[in-house]
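With compact mmCIF, C-alpha atoms inside, this is work-v4.txt:
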# COMPACT_ATOMS: atom_id res chain seq x y z
CA MET H 354 44.12 -5.95 -38.73
CA PRO H 355 44.38 -8.65 -36.01
CA SER H 356 43.78 -12.19 -37.21
CA GLN H 357 41.12 -14.48 -35.79
CA ASP H 358 43.80 -17.20 -35.73
CA THR H 359 45.85 -15.42 -33.06
CA SER H 360 46.53 -16.95 -29.65
CA GLY H 361 45.12 -13.77 -28.16
CA ARG H 362 41.65 -12.31 -28.23
CA LEU H 363 40.42 -8.75 -28.61
CA TYR H 364 38.89 -6.90 -25.67
CA ILE H 365 37.49 -3.41 -25.26
CA GLY H 366 37.90 -1.47 -22.02
CA LEU H 367 35.66 1.53 -21.24
CA MET H 368 36.30 3.88 -18.34
CA THR H 369 34.45 6.93 -17.07
CA GLY H 370 36.22 8.28 -14.01
CA THR H 371 35.57 10.65 -11.14
CA SER H 372 36.43 13.66 -13.30
CA MET H 373 33.27 12.96 -15.36
CA ASP H 374 34.71 14.46 -18.53
CA GLY H 375 33.80 11.60 -20.87
CA VAL H 376 34.48 7.97 -21.74
CA ASP H 377 37.93 6.65 -22.60
CA GLY H 378 37.98 3.46 -24.62
CA VAL H 379 40.71 1.10 -25.81
CA LEU H 380 40.76 -1.96 -28.04
CA VAL H 381 43.56 -4.35 -27.19
CA GLU H 382 44.62 -7.90 -27.99
CA ILE H 383 45.34 -9.92 -24.84
CA PRO H 384 46.84 -13.42 -25.08
CA ASP H 385 44.76 -16.12 -23.39
CA ASN H 386 47.80 -17.02 -21.29
CA TYR H 387 48.74 -13.42 -20.49
CA THR H 388 50.55 -13.16 -17.16
CA GLY H 389 51.98 -9.67 -17.47
CA GLY H 390 53.97 -7.18 -19.48
CA PHE H 391 53.34 -4.67 -22.24
CA LEU H 392 50.02 -4.70 -24.11
CA PRO H 393 50.03 -2.86 -27.45
CA LEU H 394 46.82 -1.02 -28.30
CA THR H 395 44.88 -1.68 -31.47
CA SER H 396 42.99 1.61 -31.15
CA ALA H 397 41.89 4.21 -28.60
CA ALA H 398 39.08 6.76 -28.49
CA HIS H 399 37.63 9.45 -26.25
CA ILE H 400 33.99 10.57 -26.33
CA PRO H 401 33.40 13.72 -24.24
CA PHE H 402 30.26 14.19 -22.18
CA ASN H 403 28.08 17.13 -23.10
CA GLU H 404 27.39 19.64 -20.37
CA ASP H 405 23.81 18.43 -19.77
CA LEU H 406 24.93 14.85 -19.12
CA ARG H 407 27.80 15.98 -16.92
CA ARG H 408 25.44 18.15 -14.89
CA LEU H 409 22.99 15.26 -14.46
CA LEU H 410 25.78 12.94 -13.32
CA MET H 411 27.02 15.54 -10.87
CA SER H 412 23.50 15.97 -9.45
CA LEU H 413 23.35 12.24 -8.69
CA GLN H 414 26.30 12.52 -6.32
CA LEU H 415 23.91 13.61 -3.57
CA PRO H 416 20.34 12.64 -2.60
CA SER H 417 17.80 14.53 -4.69
CA ASP H 418 14.25 14.42 -6.00
CA ASN H 419 13.24 11.44 -8.16
CA GLU H 420 16.85 10.28 -8.36
CA ILE H 421 15.96 6.64 -9.14
CA GLU H 422 14.28 7.59 -12.41
CA ARG H 423 16.90 10.20 -13.26
CA GLU H 424 19.68 7.69 -12.69
CA ALA H 425 17.98 5.13 -14.93
CA LEU H 426 17.65 7.65 -17.75
CA VAL H 427 21.27 8.75 -17.36
CA ALA H 428 22.35 5.10 -17.48
CA ASN H 429 20.59 4.79 -20.85
CA ASP H 430 22.42 7.87 -22.11
CA LEU H 431 25.72 6.42 -20.92
CA ALA H 432 25.07 3.14 -22.73
CA ASN H 433 24.56 5.04 -25.97
CA ILE H 434 27.81 6.97 -25.47
CA TYR H 435 29.65 3.74 -24.63
CA ALA H 436 28.29 2.22 -27.82
CA ARG H 437 29.51 5.22 -29.83
CA CYS H 438 32.95 4.69 -28.37
CA VAL H 439 32.87 0.96 -29.19
CA PHE H 440 31.96 1.56 -32.80
CA ARG H 441 34.57 4.28 -33.15
CA LEU H 442 37.20 1.83 -31.91
CA LEU H 443 36.01 -0.80 -34.38
CA GLU H 444 35.86 1.66 -37.27
CA GLN H 445 39.39 2.88 -36.57
CA SER H 446 40.59 -0.73 -36.65
CA CYS H 447 38.49 -1.81 -39.68
CA LEU H 448 36.86 -4.52 -37.55
CA THR H 449 33.33 -5.79 -37.00
CA PRO H 450 31.82 -6.65 -33.58
CA GLY H 451 32.39 -10.37 -34.12
CA PHE H 452 36.12 -9.91 -33.65
CA VAL H 453 35.71 -8.73 -30.05
CA THR H 454 35.48 -11.25 -27.23
CA ALA H 455 34.09 -8.89 -24.58
CA ILE H 456 33.71 -5.30 -23.43
CA GLY H 457 34.78 -4.45 -19.89
CA VAL H 458 32.89 -1.35 -18.69
CA HIS H 459 33.24 0.27 -15.30
CA GLY H 460 30.24 2.60 -15.34
CA GLN H 461 30.11 6.01 -13.69
CA THR H 462 30.54 5.97 -9.92
CA ILE H 463 27.93 8.14 -8.22
CA ARG H 464 28.26 6.75 -4.68
CA HIS H 465 31.06 4.83 -3.02
CA ARG H 466 30.40 3.96 0.61
CA PRO H 467 32.27 0.74 1.43
CA GLU H 468 31.97 1.53 5.14
CA LEU H 469 28.21 1.09 4.66
CA GLY H 470 28.61 -1.96 2.45
CA TYR H 471 27.68 -0.54 -0.93
CA THR H 472 29.02 1.11 -4.06
CA ARG H 473 27.04 2.39 -7.03
CA GLN H 474 28.21 2.66 -10.64
CA THR H 475 25.55 4.02 -12.99
CA ASN H 476 25.43 1.81 -16.05
CA ASN H 477 23.13 -0.14 -18.36
CA PRO H 478 25.27 -3.05 -19.56
CA ALA H 479 22.23 -4.92 -20.93
CA LEU H 480 21.51 -2.02 -23.31
CA LEU H 481 25.19 -1.82 -24.28
CA ALA H 482 25.14 -5.53 -25.16
CA GLU H 483 22.03 -4.94 -27.29
CA LEU H 484 23.53 -1.94 -29.05
CA THR H 485 26.84 -3.61 -29.88
CA GLY H 486 26.04 -7.32 -30.01
CA ILE H 487 29.19 -7.95 -27.95
CA ASP H 488 29.43 -9.67 -24.55
CA VAL H 489 29.59 -7.01 -21.83
CA ILE H 490 31.27 -7.53 -18.46
CA ALA H 491 30.26 -4.95 -15.84
CA ASP H 492 29.75 -4.43 -12.10
CA PHE H 493 33.34 -5.23 -11.17
CA ARG H 494 33.31 -3.76 -7.67
CA SER H 495 30.35 -5.56 -6.10
CA ARG H 496 31.87 -9.02 -5.65
CA ASP H 497 34.97 -7.67 -3.92
CA LEU H 498 32.74 -5.61 -1.63
CA ALA H 499 30.59 -8.66 -0.87
CA ALA H 500 33.78 -10.51 0.08
CA GLY H 501 34.58 -7.90 2.71
CA GLY H 502 36.70 -5.63 0.53
CA GLN H 503 36.54 -1.96 -0.35
CA GLY H 504 35.63 -2.71 -3.96
CA ALA H 505 38.38 -0.26 -4.91
CA PRO H 506 40.88 0.58 -6.09
CA LEU H 507 40.82 -2.15 -8.73
CA VAL H 508 43.61 -0.88 -10.99
CA PRO H 509 46.52 -1.99 -8.72
CA ALA H 510 45.90 -5.60 -9.81
CA PHE H 511 46.41 -4.53 -13.42
CA HIS H 512 49.38 -2.34 -12.48
CA HIS H 513 50.89 -5.48 -10.92
CA ALA H 514 50.53 -7.29 -14.26
CA LEU H 515 51.68 -4.39 -16.42
CA PHE H 516 54.59 -2.98 -14.39
CA GLY H 517 55.44 -5.73 -11.92
CA ASN H 518 57.92 -7.84 -13.89
CA SER H 519 60.93 -5.53 -13.76
CA GLY H 520 62.44 -6.94 -10.58
CA ASN H 521 62.59 -3.41 -9.19
CA SER H 522 60.47 -1.63 -6.63
CA CYS H 523 58.20 0.93 -8.26
CA VAL H 524 55.11 3.01 -7.59
CA VAL H 525 52.32 3.63 -10.08
CA VAL H 526 50.44 6.85 -9.36
CA ASN H 527 47.04 7.15 -11.01
CA ILE H 528 45.82 10.75 -10.88
CA GLY H 529 42.21 10.88 -11.94
CA GLY H 530 39.47 12.68 -10.05
CA ILE H 531 40.70 10.65 -7.07
CA ALA H 532 44.37 9.67 -6.82
CA ASN H 533 45.55 6.19 -5.98
CA ILE H 534 48.91 4.48 -5.80
CA SER H 535 50.10 0.95 -6.46
CA ILE H 536 53.33 -0.09 -4.75
CA LEU H 537 55.01 -2.97 -6.55
CA THR H 538 57.80 -4.46 -4.47
CA ARG H 539 60.86 -6.38 -5.67
CA ASP H 540 59.32 -9.65 -4.47
CA ARG H 541 56.17 -8.89 -6.57
CA LYS H 542 53.95 -8.04 -3.64
CA THR H 543 51.50 -5.20 -4.27
CA ILE H 544 50.03 -2.58 -1.96
CA GLY H 545 47.49 -0.11 -3.29
CA PHE H 546 45.05 2.46 -1.97
CA ASP H 547 43.42 5.82 -2.63
CA THR H 548 45.55 8.71 -1.37
CA GLY H 549 42.85 11.37 -1.59
CA PRO H 550 41.80 13.86 -4.26
CA GLY H 551 43.52 14.02 -7.61
CA ASN H 552 41.78 16.51 -9.88
CA VAL H 553 38.32 16.44 -8.35
CA LEU H 554 38.68 19.52 -6.10
CA LEU H 555 40.74 21.42 -8.67
CA ASP H 556 38.08 20.82 -11.32
CA ALA H 557 35.26 21.89 -9.00
CA TRP H 558 37.02 25.08 -7.95
CA ILE H 559 37.99 26.25 -11.45
CA ALA H 560 34.48 25.46 -12.68
CA LYS H 561 33.07 27.70 -9.96
CA TYR H 562 35.38 30.67 -10.49
CA GLN H 563 36.56 30.38 -14.10
CA GLY H 564 33.73 28.47 -15.74
CA LEU H 565 36.19 25.87 -17.06
CA LEU H 566 35.99 22.08 -16.84
CA TYR H 567 39.60 21.70 -15.72
CA ASP H 568 42.80 23.66 -15.06
CA GLU H 569 44.83 23.00 -18.21
CA ASN H 570 48.43 22.14 -17.27
CA GLY H 571 47.62 23.52 -13.82
CA GLN H 572 48.24 27.05 -15.11
CA TRP H 573 45.71 28.74 -12.85
CA ALA H 574 46.98 26.90 -9.76
CA ALA H 575 50.57 27.74 -10.71
CA SER H 576 49.72 31.45 -10.87
CA GLY H 577 48.56 31.47 -7.25
CA GLU H 578 50.31 31.10 -3.91
CA PRO H 579 49.45 28.15 -1.64
CA ASP H 580 48.35 29.10 1.86
CA SER H 581 50.29 26.99 4.36
CA GLU H 582 47.74 27.36 7.15
CA LEU H 583 44.81 26.29 4.96
CA LEU H 584 46.90 23.39 3.66
CA ALA H 585 47.62 22.33 7.25
CA VAL H 586 43.87 22.30 8.00
CA MET H 587 43.19 20.20 4.91
CA LEU H 588 45.90 17.73 5.85
CA LYS H 589 44.09 17.02 9.13
CA GLU H 590 41.36 15.20 7.18
CA PRO H 591 40.91 11.88 9.07
CA PHE H 592 40.82 9.79 5.89
CA LEU H 593 44.48 10.59 5.26
CA SER H 594 45.66 8.95 8.46
CA LEU H 595 43.68 5.74 7.94
CA PRO H 596 45.83 2.71 7.14
CA PRO H 597 45.19 0.82 3.89
CA PRO H 598 43.10 -0.79 2.58
CA LYS H 599 41.09 2.35 1.96
CA SER H 600 39.22 4.08 -0.85
CA THR H 601 37.29 7.29 -1.27
CA GLY H 602 35.42 9.45 -3.77
CA ARG H 603 33.21 12.48 -4.25
CA ASP H 604 31.15 11.36 -1.23
CA LEU H 605 33.96 12.89 0.86
CA PHE H 606 36.05 15.16 -1.36
CA ASN H 607 33.75 17.70 -2.97
CA GLU H 608 33.11 21.45 -3.08
CA GLU H 609 31.26 21.31 0.25
CA TRP H 610 34.39 19.78 1.82
CA VAL H 611 36.44 22.75 0.58
CA GLU H 612 33.89 25.28 1.80
CA ALA H 613 33.87 23.66 5.25
CA LYS H 614 37.65 24.02 5.51
CA LEU H 615 37.45 27.65 4.40
CA ALA H 616 34.78 28.34 7.03
CA SER H 617 36.93 26.88 9.80
CA ALA H 618 38.99 30.06 10.32
CA LEU H 619 38.26 33.75 9.73
CA GLU H 620 41.57 34.40 7.95
CA PHE H 621 40.66 31.99 5.17
CA THR H 622 37.74 34.19 4.08
CA VAL H 623 40.15 36.75 2.59
CA LEU H 624 42.02 34.26 0.41
CA SER H 625 41.66 34.80 -3.33
CA PRO H 626 40.15 32.01 -5.45
CA VAL H 627 43.45 31.54 -7.29
CA ASP H 628 45.38 31.07 -4.03
CA ILE H 629 42.79 28.51 -2.91
CA GLN H 630 43.31 26.69 -6.23
CA ALA H 631 47.05 26.74 -5.60
CA THR H 632 46.44 25.30 -2.12
CA LEU H 633 44.21 22.55 -3.53
CA ALA H 634 46.99 21.60 -5.95
CA ALA H 635 49.45 21.54 -3.07
CA PHE H 636 47.00 19.31 -1.17
CA THR H 637 46.89 16.76 -4.01
CA ILE H 638 50.69 16.85 -4.37
CA THR H 639 51.35 16.55 -0.63
CA THR H 640 48.92 13.69 -0.01
CA ILE H 641 50.38 11.64 -2.88
CA ALA H 642 53.97 12.38 -1.85
CA ASP H 643 53.27 11.59 1.81
CA ALA H 644 51.72 8.23 0.89
CA ILE H 645 54.71 7.32 -1.29
CA THR H 646 57.37 8.32 1.25
CA ARG H 647 55.51 6.50 4.02
CA TYR H 648 54.82 3.22 2.23
CA ALA H 649 57.43 3.07 -0.56
CA PRO H 650 60.52 5.04 0.54
CA ASP H 651 62.87 2.71 -1.37
CA ALA H 652 61.06 2.80 -4.73
CA ASP H 653 63.39 2.92 -7.74
CA LYS H 654 60.88 4.52 -10.10
CA ILE H 655 57.53 6.28 -9.96
CA PHE H 656 55.20 6.03 -12.97
CA ILE H 657 52.43 8.62 -13.28
CA CYS H 658 49.29 7.88 -15.28
CA GLY H 659 45.73 9.13 -15.56
CA GLY H 660 44.54 12.52 -16.73
CA GLY H 661 46.60 14.21 -14.03
CA ALA H 662 49.76 13.16 -15.85
CA ARG H 663 48.88 15.94 -18.33
CA ASN H 664 48.87 18.51 -15.51
CA THR H 665 52.49 19.72 -15.61
CA HIS H 666 52.04 21.70 -12.41
CA LEU H 667 51.01 18.58 -10.48
CA VAL H 668 53.77 16.45 -11.99
CA SER H 669 56.54 18.99 -11.37
CA GLY H 670 55.20 19.61 -7.87
CA LEU H 671 55.29 15.89 -7.12
CA GLU H 672 58.85 15.66 -8.44
CA ALA H 673 59.87 18.54 -6.17
CA ALA H 674 58.09 17.05 -3.13
CA LEU H 675 59.91 13.74 -3.58
CA GLU H 676 63.32 15.13 -4.52
CA LYS H 677 64.65 15.50 -0.97
CA PRO H 678 63.26 12.32 0.68
CA MET H 679 63.82 10.15 -2.42
CA PRO H 680 66.65 11.79 -4.41
CA ASP H 681 67.56 8.70 -6.44
CA THR H 682 64.03 7.89 -7.57
CA ASP H 683 62.98 8.68 -11.14
CA VAL H 684 59.54 10.26 -11.63
CA VAL H 685 58.19 9.58 -15.13
CA THR H 686 54.88 9.09 -16.92
CA SER H 687 53.76 5.79 -18.44
CA GLU H 688 54.79 7.17 -21.83
CA VAL H 689 58.31 5.87 -21.13
CA ILE H 690 56.97 2.34 -21.62
CA GLY H 691 54.98 3.35 -24.68
CA ILE H 692 51.53 3.74 -23.12
CA ASP H 693 49.62 7.02 -23.07
CA PRO H 694 48.80 7.87 -19.41
CA THR H 695 45.12 8.32 -20.26
CA HIS H 696 44.86 4.77 -21.65
CA ILE H 697 45.92 2.86 -18.53
CA GLU H 698 42.50 2.66 -16.88
CA GLY H 699 40.78 1.61 -20.10
CA LEU H 700 43.39 -1.12 -20.45
CA ALA H 701 42.68 -2.16 -16.87
CA PHE H 702 39.00 -2.82 -17.63
CA ALA H 703 39.84 -4.68 -20.84
CA TRP H 704 42.17 -6.80 -18.68
CA LEU H 705 39.42 -7.34 -16.09
CA ALA H 706 37.10 -8.52 -18.89
CA HIS H 707 39.88 -10.91 -19.97
CA ARG H 708 40.21 -12.19 -16.39
CA PHE H 709 36.45 -12.78 -16.14
CA THR H 710 36.33 -14.57 -19.49
CA ASN H 711 39.15 -16.88 -18.41
CA ARG H 712 37.63 -17.45 -14.94
CA LEU H 713 40.53 -15.77 -13.17
CA PRO H 714 40.38 -13.47 -10.12
CA GLY H 715 40.61 -9.74 -10.77
CA ASN H 716 41.19 -8.39 -7.28
CA LEU H 717 44.15 -8.30 -4.92
CA PRO H 718 42.92 -9.02 -1.37
CA GLY H 719 45.96 -7.22 0.05
CA VAL H 720 44.81 -4.07 -1.73
CA THR H 721 41.05 -4.09 -1.23
CA GLY H 722 40.85 -6.05 2.03
CA ALA H 723 38.64 -8.78 0.55
CA HIS H 724 38.64 -12.21 2.21
CA GLY H 725 40.33 -13.73 -0.83
CA PRO H 726 40.74 -13.63 -4.62
CA ARG H 727 37.46 -13.28 -6.48
CA ILE H 728 36.32 -13.36 -10.11
CA LEU H 729 34.95 -9.86 -10.64
CA GLY H 730 32.08 -8.80 -12.87
CA ALA H 731 28.76 -9.90 -14.29
CA LEU H 732 28.13 -11.07 -17.87
CA TYR H 733 25.56 -9.58 -20.26
CA PRO H 734 25.78 -11.77 -23.40
CA GLY H 735 25.85 -10.17 -26.81
CA MET H 736 23.66 -11.07 -29.77
CA MET H 737 25.96 -11.89 -32.64
CA ASP H 738 23.17 -13.40 -34.78
CA LYS H 739 21.87 -10.03 -35.95
CA ASP H 740 23.15 -7.07 -37.91
CA VAL H 741 24.17 -4.94 -34.95
CA THR H 742 25.55 -2.19 -37.16
CA ALA H 743 22.16 -1.67 -38.78
CA PHE H 744 20.46 -1.83 -35.37
CA PHE H 745 22.94 0.64 -33.97
CA GLY H 746 22.18 3.13 -36.72
CA LYS H 747 18.47 3.06 -35.80
CA THR H 748 19.12 3.98 -32.17
CA GLY H 749 20.59 7.36 -32.92
CA ALA H 750 23.50 6.46 -30.66
CA ALA H 751 25.99 6.89 -33.46
CA GLU H 752 25.08 10.53 -33.98

Will you turn the file into structure tokens for me?
Amino acid sequence: MPSQDTSGRLYIGLMTGTSMDGVDGVLVEIPDNYTGGFLPLTSAAHIPFNEDLRRLLMSLQLPSDNEIEREALVANDLANIYARCVFRLLEQSCLTPGFVTAIGVHGQTIRHRPELGYTRQTNNPALLAELTGIDVIADFRSRDLAAGGQGAPLVPAFHHALFGNSGNSCVVVNIGGIANISILTRDRKTIGFDTGPGNVLLDAWIAKYQGLLYDENGQWAASGEPDSELLAVMLKEPFLSLPPPKSTGRDLFNEEWVEAKLASALEFTVLSPVDIQATLAAFTITTIADAITRYAPDADKIFICGGGARNTHLVSGLEAALEKPMPDTDVVTSEVIGIDPTHIEGLAFAWLAHRFTNRLPGNLPGVTGAHGPRILGALYPGMMDKDVTAFFGKTGAAE
């Protein structure tokens, strides 16, 4: 059990990504003077969303009836699930809330429209602070957006801290619902941007035709045959040719986007669902590979993280796509440095909470396009003068 006399402090990071499969949480000790390098986890936990909550979150991606009230109720549900994750992390570590300095929580993105000057992450950090008694740091994107940035991606700043001390040029590929890359150069400069869809289209398509939440190991996609003409149409998407900084989300890449591409030519109407899934996988692979070869052709190593690192079809496809243009570059997952690929984003939000607590900027202006470094987040103070465990039990959130 970590000691209260340590030079570091404990932080919790909570992440719910574009895939909307649940909350990933980590508990980690971060030194006050942390400037980079490996961060060993104290504990990690995953709380899956039930189908009703996932359906409600999906419905909030587009304008709908009474969405303000429905979003507020969903935010309350999320706070309860976040609290369950927090207490699971504490229980696994035999700790009480008083040991934790702060929780960094991203919330669930339901709209991301930086071109219109807003982004929306459903969340109720005030309720989470009440349920846990711990300081909560939330709303990380808004300040960067207010400073002229995209508000995303935020993880490249953490990738810079975690991977950027090797003296080599590397790329960190985060494959969640949306894929993004961080390019860490030998002189410690960082470029980062969203490349396009990661799993979001694959998940939507297999849900429609197989009734599954995701394509495990990419098996269904691997059993099909990509259609080169449909892939060529998809690759004409204007977002792909935009220069960084840039970010995207379900506002653009969704099932309706796929259906529009399929409706663009008569020959696509005869394609089987499995071949379309194979083409969507090829689209994810190609857009990531194209971004890497264009912006980081001399990278020594490519680290893959996020849920997509578990999709062996995507990983092997990316290796194959990069083999000819970058034959001397190793493609590995973050497991080679001792960190589970699904824990990286949770660590990033624990790190952002650490940055806020220490009054340090959490963005990289060269990544987001903001006018300068900014301290990201808003504080919701905890209430450590009460028995939060007893209070938590009364809420039903621990069930």

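For the residues H:Cys523, H:Gly715, H:Pro450, H:Gly564, ranking by smallest atom-to-atom distance to Ala703 (chain H) using all atoms listed in the file places H:Gly715 first.
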
With region 672-691 of chain H as the partner and 10 Å as the cut-off, tabulate the residues of region 359-441 of chain H that qualify, each row holding the nearest pair of atoms and their distance in Å to one decimal, using only C-alpha atoms, sorted by chain and rising number, as CSV.
residue,atom,partner,partner_atom,distance
H:Phe391,CA,H:Ile690,CA,7.9
H:Leu392,CA,H:Gly691,CA,9.5
H:Pro393,CA,H:Gly691,CA,8.4
H:Leu394,CA,H:Gly691,CA,9.9

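For the atom pair formed by CA of Phe516 (chain H) and CA of Lys542 (chain H), the distance is 11.9 Å, given to one decimal.
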
Protein and nucleic acid residues near (36.7, -14.3, -4.0) (cut-off 8 Å, only C-alpha atoms) as a ChimeraX atom specification: /H:496-497,500,714,723-728

Writer output for current selection, C-alpha atoms, as an mmCIF file, in the coordinates of the input:
data_model
loop_
_atom_site.group_PDB
_atom_site.id
_atom_site.type_symbol
_atom_site.label_atom_id
_atom_site.label_comp_id
_atom_site.auth_asym_id
_atom_site.auth_seq_id
_atom_site.Cartn_x
_atom_site.Cartn_y
_atom_site.Cartn_z
ATOM 1 C CA ARG H 496 31.870 -9.020 -5.650
ATOM 2 C CA ASP H 497 34.970 -7.670 -3.920
ATOM 3 C CA ALA H 500 33.780 -10.510 0.080
ATOM 4 C CA PRO H 714 40.380 -13.470 -10.120
ATOM 5 C CA ALA H 723 38.640 -8.780 0.550
ATOM 6 C CA HIS H 724 38.640 -12.210 2.210
ATOM 7 C CA GLY H 725 40.330 -13.730 -0.830
ATOM 8 C CA PRO H 726 40.740 -13.630 -4.620
ATOM 9 C CA ARG H 727 37.460 -13.280 -6.480
ATOM 10 C CA ILE H 728 36.320 -13.360 -10.110
#

Here's a test: counting all atoms listed in the file, identify every protein, DNA and RNA residue with an atom at most 12 Å from (56.3, 19.1, -15.5) in the file's coordinate frame, and state them as a ChimeraX atom specification. /H:570-572,575,657,661-673,684-686

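Nearest to Arg603 (chain H) of all the residues H:Gly520, H:Ile534, H:Gly460, H:Asp556 is H:Asp556, based on only C-alpha atoms.
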
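When only C-alpha atoms are used to compute distances to Asp430 (chain H), the closest of the residues H:Ala514, H:Ala499, H:Ala635, H:Leu410 turns out to be H:Leu410.
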
Counting only C-alpha atoms, which residues of region 629-706 of chain H sit at most 12 Å from some atom of region 609-621 of chain H, and what is each one's closest atom pair with its distance in Å to one decimal, listed by chain and rising residue number, as CSV?
residue,atom,partner,partner_atom,distance
H:Ile629,CA,H:Phe621,CA,9.1
H:Gln630,CA,H:Val611,CA,10.4
H:Thr632,CA,H:Val611,CA,10.7
H:Leu633,CA,H:Val611,CA,8.8
H:Phe636,CA,H:Val611,CA,11.2

So how many Å separate CA of Asn433 (chain H) and CA of Val508 (chain H), to one decimal? 24.9 Å

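As for CA of Val627 (chain H) and CA of Glu404 (chain H), they are spaced 23.9 Å apart.
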
Residue contacts of region 579-590 of chain H (6 Å, only C-alpha atoms) excluding same-chain residues fewer than 3 positions away, as a list of chain:residue names: H:Leu593, H:Asp628, H:Ala631, H:Thr632

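Across H:Pro598, H:Val381, H:Val439, H:His465, the tightest approach to Pro718 (chain H) is made by H:Pro598 when counting all atoms listed in the file.
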
Enumerate, in order of chain and increasing residue number, the residues of region 511-607 of chain H with an atom no farther than 9 Å from region 368-374 of chain H, each with its shortest atom pair and distance in Å to one decimal, counting only C-alpha atoms, as a tab-separated table.
residue	atom	partner	partner_atom	distance
H:Gly529	CA	H:Ser372	CA	6.6
H:Gly530	CA	H:Thr371	CA	4.5
H:Ile531	CA	H:Thr371	CA	6.5
H:Asn552	CA	H:Ser372	CA	7.0
H:Val553	CA	H:Ser372	CA	6.0
H:Asp556	CA	H:Ser372	CA	7.6
H:Leu566	CA	H:Asp374	CA	7.9
H:Tyr567	CA	H:Ser372	CA	9.0
H:Gly602	CA	H:Thr371	CA	7.5
H:Arg603	CA	H:Thr371	CA	7.5

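Of the residues under consideration (H:Glu608, H:Asn521, H:Gly457, H:Arg464), H:Gly457 shows the shortest atom-to-atom contact distance to Asp492 (chain H) when counting only C-alpha atoms.
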
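Between Ala398 (chain H) and the candidates H:Ala425, H:Ala731, H:Leu565, H:Leu443, the tightest atom-to-atom separation, counting all atoms listed in the file, involves H:Leu443.
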
Give me the residues near Glu698 (chain H) as a PyMOL selection string, where near means some atom within 10 Å (using all atoms listed in the file) and where sequence neighbours in that chain fewer than 6 positions away do not count. chain H and resi 366-370+377-379+459+507-508+511-512+527+529+658-659+704

Could you please take those selected residues and save C-alpha atoms as a PDB file, in the frame of the given file?
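Wrote part.pdb, looks like this:
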ATOM      1  CA  GLY H 366      37.900  -1.470 -22.020  1.00  0.00           C
ATOM      2  CA  LEU H 367      35.660   1.530 -21.240  1.00  0.00           C
ATOM      3  CA  MET H 368      36.300   3.880 -18.340  1.00  0.00           C
ATOM      4  CA  THR H 369      34.450   6.930 -17.070  1.00  0.00           C
ATOM      5  CA  GLY H 370      36.220   8.280 -14.010  1.00  0.00           C
ATOM      6  CA  ASP H 377      37.930   6.650 -22.600  1.00  0.00           C
ATOM      7  CA  GLY H 378      37.980   3.460 -24.620  1.00  0.00           C
ATOM      8  CA  VAL H 379      40.710   1.100 -25.810  1.00  0.00           C
ATOM      9  CA  HIS H 459      33.240   0.270 -15.300  1.00  0.00           C
ATOM     10  CA  LEU H 507      40.820  -2.150  -8.730  1.00  0.00           C
ATOM     11  CA  VAL H 508      43.610  -0.880 -10.990  1.00  0.00           C
ATOM     12  CA  PHE H 511      46.410  -4.530 -13.420  1.00  0.00           C
ATOM     13  CA  HIS H 512      49.380  -2.340 -12.480  1.00  0.00           C
ATOM     14  CA  ASN H 527      47.040   7.150 -11.010  1.00  0.00           C
ATOM     15  CA  GLY H 529      42.210  10.880 -11.940  1.00  0.00           C
ATOM     16  CA  CYS H 658      49.290   7.880 -15.280  1.00  0.00           C
ATOM     17  CA  GLY H 659      45.730   9.130 -15.560  1.00  0.00           C
ATOM     18  CA  TRP H 704      42.170  -6.800 -18.680  1.00  0.00           C
TER      19      TRP H 704
END

What's the 8 Å shell around Ile383 (chain H), counting only C-alpha atoms, without same-chain residues fewer than 4 positions away, as a list in words? Gly361, Arg362, Leu363, Tyr364, Tyr387, Leu392, Trp704 and His707 of chain H
